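Participant: This is the structure I have questions about; it appears just below.
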Amino acid sequence: MPKSTSSVRIARLNRLLTTLRDKPGIGRSELISRVEYTSPRTLERDMRFLRDEFGVRISYLRSRGGYCLESSGQFVMMYREKR
């Protein structure tokens, strides 16, 4: 893991994973909106980072039309109540 992963990024990664967990099959544009990404490239970088550094398994299921969280790997998600 990079030496300086900001608390802002950690919070965003947690929002990404909890969104994927709570809404399997979420489409890319809705995911970008819900997690409040300003750039689709940031979403791609975050997913790659989670896969490479923590072994998170995120897949795209064509049958569901979106992304699904298969495993959070070694990333410890903060508990957040559903709204």
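We label chains A, B, ... in the order they appear in the structure tokens, count residues from 1 in each chain, and number ligands from 1 in the order shown.
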When you look at A:Ile58 with a cut-off of 6 Å (counting only C-alpha atoms), what residues show up, excluding the ones that are within fewer than 5 positions of it in the same chain? I need them as JSON, numbers by chain.

Facilitator: {"A": [68, 69, 70]}

Participant: Next, dump the selected residues to file, keeping only C-alpha atoms, as an mmCIF file, in the first residue's frame.

Facilitator:
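Final file, again-v2.cif:
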data_model
loop_
_atom_site.group_PDB
_atom_site.id
_atom_site.type_symbol
_atom_site.label_atom_id
_atom_site.label_comp_id
_atom_site.auth_asym_id
_atom_site.auth_seq_id
_atom_site.Cartn_x
_atom_site.Cartn_y
_atom_site.Cartn_z
ATOM 1 C CA CYS A 68 -21.127 -6.734 -7.803
ATOM 2 C CA LEU A 69 -18.947 -7.152 -4.747
ATOM 3 C CA GLU A 70 -17.971 -10.810 -4.489
#

Participant: Excluding stretch 26-34 of chain A and its own-chain neighbours fewer than 4 positions away, which residues fall within 9 Å of it when counting only C-alpha atoms? Please give them as a list in words.

Facilitator: Arg15, Leu16, Thr19, Leu20, Thr38, Ser39, Pro40, Leu43, Arg64, Gly65, Gly66, Tyr67 and Cys68 of chain A

Participant: When you look at stretch 50-56 of chain A with a cut-off of 6 Å (counting only C-alpha atoms), what residues show up, excluding the ones that are within fewer than 4 positions of it in the same chain? I need them as a PyMOL selection string.

Facilitator: chain A and resi 71-75

Participant: Which value, in Å to one decimal, gives the distance between atom CA of A:Met77 and atom CA of A:Asn14?

Facilitator: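 Separation between atom CA of A:Met77 and atom CA of A:Asn14: 5.7 Å.
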
Participant: I need the residues of chain A that end up classed as strand (DSSP E) by DSSP on the backbone, written out as a JSON list (two decimals) with C-alpha atoms, in the first residue's frame.

Facilitator:
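Output file out-v4.json follows:
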[["chain", "number", "residue", "atom", "x", "y", "z"],
["A", 57, "ARG", "CA", -13.20, -9.13, -5.85],
["A", 58, "ILE", "CA", -15.44, -6.81, -7.84],
["A", 59, "SER", "CA", -17.00, -8.18, -10.98],
["A", 60, "TYR", "CA", -19.20, -6.82, -13.72],
["A", 61, "LEU", "CA", -22.20, -9.02, -14.31],
["A", 66, "GLY", "CA", -23.65, -3.67, -13.25],
["A", 67, "TYR", "CA", -20.95, -4.26, -10.68],
["A", 68, "CYS", "CA", -21.13, -6.73, -7.80],
["A", 69, "LEU", "CA", -18.95, -7.15, -4.75],
["A", 70, "GLU", "CA", -17.97, -10.81, -4.49],
["A", 71, "SER", "CA", -15.49, -10.45, -1.64]]

Participant: Would you mind telling me which residue in A:Met78, A:Ala11, A:Thr5, A:Pro24 lies nearest to A:Arg62 when using only C-alpha atoms?

Facilitator: A:Pro24
